[in-house]
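Engineer: Dropping a structure here in structure tokens format, bear with me for questions.
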Amino acid sequence: METLETDRLTLRMLRESDFEEYAEMSADPDVMRYIGDGQPLARPMAWRNMALMVGHWALRGYGVWAAVERASGALVGRIGFWYPDGWPGFELGWVLRRQFWGRGFATEGARAALGFAFARLRQPQVISLIHPENAASVRVAERLGERMAGSTEVFGRPALIYRVTRQEWEAGSGPPGRPVSSPE
């Protein structure tokens, strides 16, 4: 599994040792209000969700990373790719623990992931599905060079489709982050 580093983050595979912080994040109603069905997750469902994220790597060869603050080792959240069968497209998403909001971590980690999607996975485009009321995630998507390309419904809830193509990314973005290792 690929690991990426940015100035402040390490993006690496989720581990069992991440579960306490992952469960805390998943139980926070403010964090979860725009994710999935909008409901916080009880511990057993948080475990199941984390296992789902890890399993995506095994099935697709890419997925969601644990975003870890390099300075403290704390789990900032999760950032990465989601593309199960029947999904609207190759999605880049981010969910951060509340204490890390507003500090640029989502943009920093997502920018590294986006660079990986285009340079290493050779994806022609990447989308982000964002609840229409999630203004913070819209700002992140726009900072990444994504533009609104339509709307859809996910889990019975509306979602805006933000998109950037590899060509657009290569024409207008800076360095994507540094891959630092492969097997974990």
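Chains: A, B, ... in order of the structure tokens. Residues: from 1 per chain. Ligands: from 1, in order shown.
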If we count only C-alpha atoms and set the cut-off at 12 Å, which residues sit around segment 157-171 of chain A, ignoring sequence neighbours fewer than 3 positions away in its own chain? Please answer as number ranges by chain.

Structural biologist: A: 33-38, 87-93, 111-112, 114-135, 137-154, 174-176

Engineer: With 10 Å as the cut-off and only C-alpha atoms counted, what is the closest atom pair between each nearby residue of segment 20-48 of chain A and segment 8-16 of chain A? Distances in Å to one decimal, ordered by chain and number, as a tab-separated table.

Structural biologist:
residue	atom	partner	partner_atom	distance
A:Glu20	CA	A:Glu16	CA	8.7
A:Tyr22	CA	A:Leu14	CA	9.3
A:Trp47	CA	A:Glu16	CA	9.2

Engineer: Looking at only C-alpha atoms, which of A:Ile79, A:Val54, A:Leu96, A:Ala136 is the one that sits closest to Ala110 of chain A?

Structural biologist: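 Looking at the shortest contact to Ala110 of chain A, the residue is A:Ile79.
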
Engineer: Could you give me, as number ranges by chain, each residue of segment 16-184 of chain A that DSSP assigns to strand (DSSP E or B) when run on this structure's backbone?

Structural biologist: A: 64-69, 75-82, 91-96, 125-130, 147-154, 157-165, 178-181

Engineer: Just the number, please: distance in Å from atom CA of Ala113 of chain A to atom CA of Glu69 of chain A, one decimal.

Structural biologist: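 These two atoms are separated by 15.4 Å.
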
Engineer: Calculate how many Å separate atom CA of His56 of chain A from atom CA of Trp101 of chain A, rounding to one decimal.

Structural biologist: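 Computing it gives 25.7 Å between the two atoms.
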
Engineer: Taking into account only C-alpha atoms, which residue in the set A:Val76, A:Met53, A:Met45, A:Met32 is nearest to Gly109 of chain A?

Structural biologist: A:Val76

Engineer: Have a look at A:Pro84, A:Ala66, A:Phe155, A:Trp94 and name the one nearest to Glu21 of chain A; count only C-alpha atoms.

Structural biologist: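 Of all the options, A:Ala66 lies closest to Glu21 of chain A.
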
Engineer: Rounded to one decimal, what separation in Å do you get between atom CA of Ala106 of chain A and atom CA of Ala67 of chain A?

Structural biologist: 9.0 Å

Engineer: Could you check the closest approach to Met25 of chain A for each of A:Ala71, A:Glu2, A:Gly102, A:Asn49 and tell me which residue wins, using only C-alpha atoms?

Structural biologist: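 Answer, going by the shortest atom-to-atom distance: A:Asn49.
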
Engineer: If you run DSSP on the backbone, which residues of chain A are alpha helix (DSSP H), as an MDAnalysis selection string?

Structural biologist: chainID A and resid 19:27 29:32 43:60 105:119 135:143 166:172

Engineer: Take the residues just selected and output them with C-alpha atoms as a short mmCIF file (atom, residue, chain, number, x, y, z; two decimals), in the first residue's frame.

Structural biologist:
data_model
loop_
_atom_site.label_atom_id
_atom_site.label_comp_id
_atom_site.auth_asym_id
_atom_site.auth_seq_id
_atom_site.Cartn_x
_atom_site.Cartn_y
_atom_site.Cartn_z
CA PHE A 19 -9.75 2.78 15.99
CA GLU A 20 -10.28 4.86 19.14
CA GLU A 21 -9.78 8.12 17.26
CA TYR A 22 -11.71 6.80 14.24
CA ALA A 23 -14.65 5.77 16.46
CA GLU A 24 -14.62 9.19 18.17
CA MET A 25 -14.69 10.92 14.77
CA SER A 26 -17.47 8.65 13.48
CA ALA A 27 -19.61 9.24 16.59
CA PRO A 29 -22.80 14.30 14.88
CA ASP A 30 -21.15 17.48 13.52
CA VAL A 31 -18.52 15.46 11.65
CA MET A 32 -21.01 12.97 10.23
CA ARG A 43 -18.70 1.89 17.89
CA PRO A 44 -19.66 -1.41 16.18
CA MET A 45 -20.63 0.47 13.01
CA ALA A 46 -17.47 2.60 13.16
CA TRP A 47 -15.44 -0.63 13.28
CA ARG A 48 -17.39 -1.98 10.32
CA ASN A 49 -16.90 1.28 8.42
CA MET A 50 -13.14 1.28 9.08
CA ALA A 51 -12.92 -2.34 7.90
CA LEU A 52 -14.84 -1.35 4.76
CA MET A 53 -12.24 1.34 4.04
CA VAL A 54 -9.39 -1.15 4.48
CA GLY A 55 -11.19 -3.73 2.34
CA HIS A 56 -11.56 -1.27 -0.54
CA TRP A 57 -7.75 -1.36 -0.86
CA ALA A 58 -7.78 -5.14 -1.20
CA LEU A 59 -10.49 -5.09 -3.86
CA ARG A 60 -9.47 -2.04 -5.91
CA PHE A 105 -5.45 19.64 6.48
CA ALA A 106 -8.25 18.51 4.13
CA THR A 107 -6.87 20.56 1.25
CA GLU A 108 -3.28 19.52 1.94
CA GLY A 109 -4.05 15.81 2.13
CA ALA A 110 -6.56 15.81 -0.73
CA ARG A 111 -4.08 17.64 -2.97
CA ALA A 112 -1.51 14.89 -2.38
CA ALA A 113 -4.14 12.21 -3.02
CA LEU A 114 -5.26 13.96 -6.21
CA GLY A 115 -1.69 14.03 -7.50
CA PHE A 116 -1.45 10.30 -6.76
CA ALA A 117 -4.72 9.61 -8.63
CA PHE A 118 -3.48 11.36 -11.75
CA ALA A 119 0.24 10.52 -11.73
CA ALA A 135 -19.76 24.83 2.39
CA ALA A 136 -16.39 23.85 3.91
CA SER A 137 -16.02 20.84 1.58
CA VAL A 138 -17.10 22.92 -1.41
CA ARG A 139 -14.25 25.33 -0.58
CA VAL A 140 -11.78 22.42 -0.37
CA ALA A 141 -12.95 21.06 -3.73
CA GLU A 142 -12.57 24.48 -5.33
CA ARG A 143 -9.06 24.90 -3.86
CA ARG A 166 -6.10 15.06 -15.23
CA GLN A 167 -5.53 17.60 -18.01
CA GLU A 168 -6.93 20.44 -15.85
CA TRP A 169 -4.84 19.29 -12.88
CA GLU A 170 -1.62 19.11 -14.89
CA ALA A 171 -2.28 22.56 -16.38
CA GLY A 172 -2.90 24.34 -13.12
#
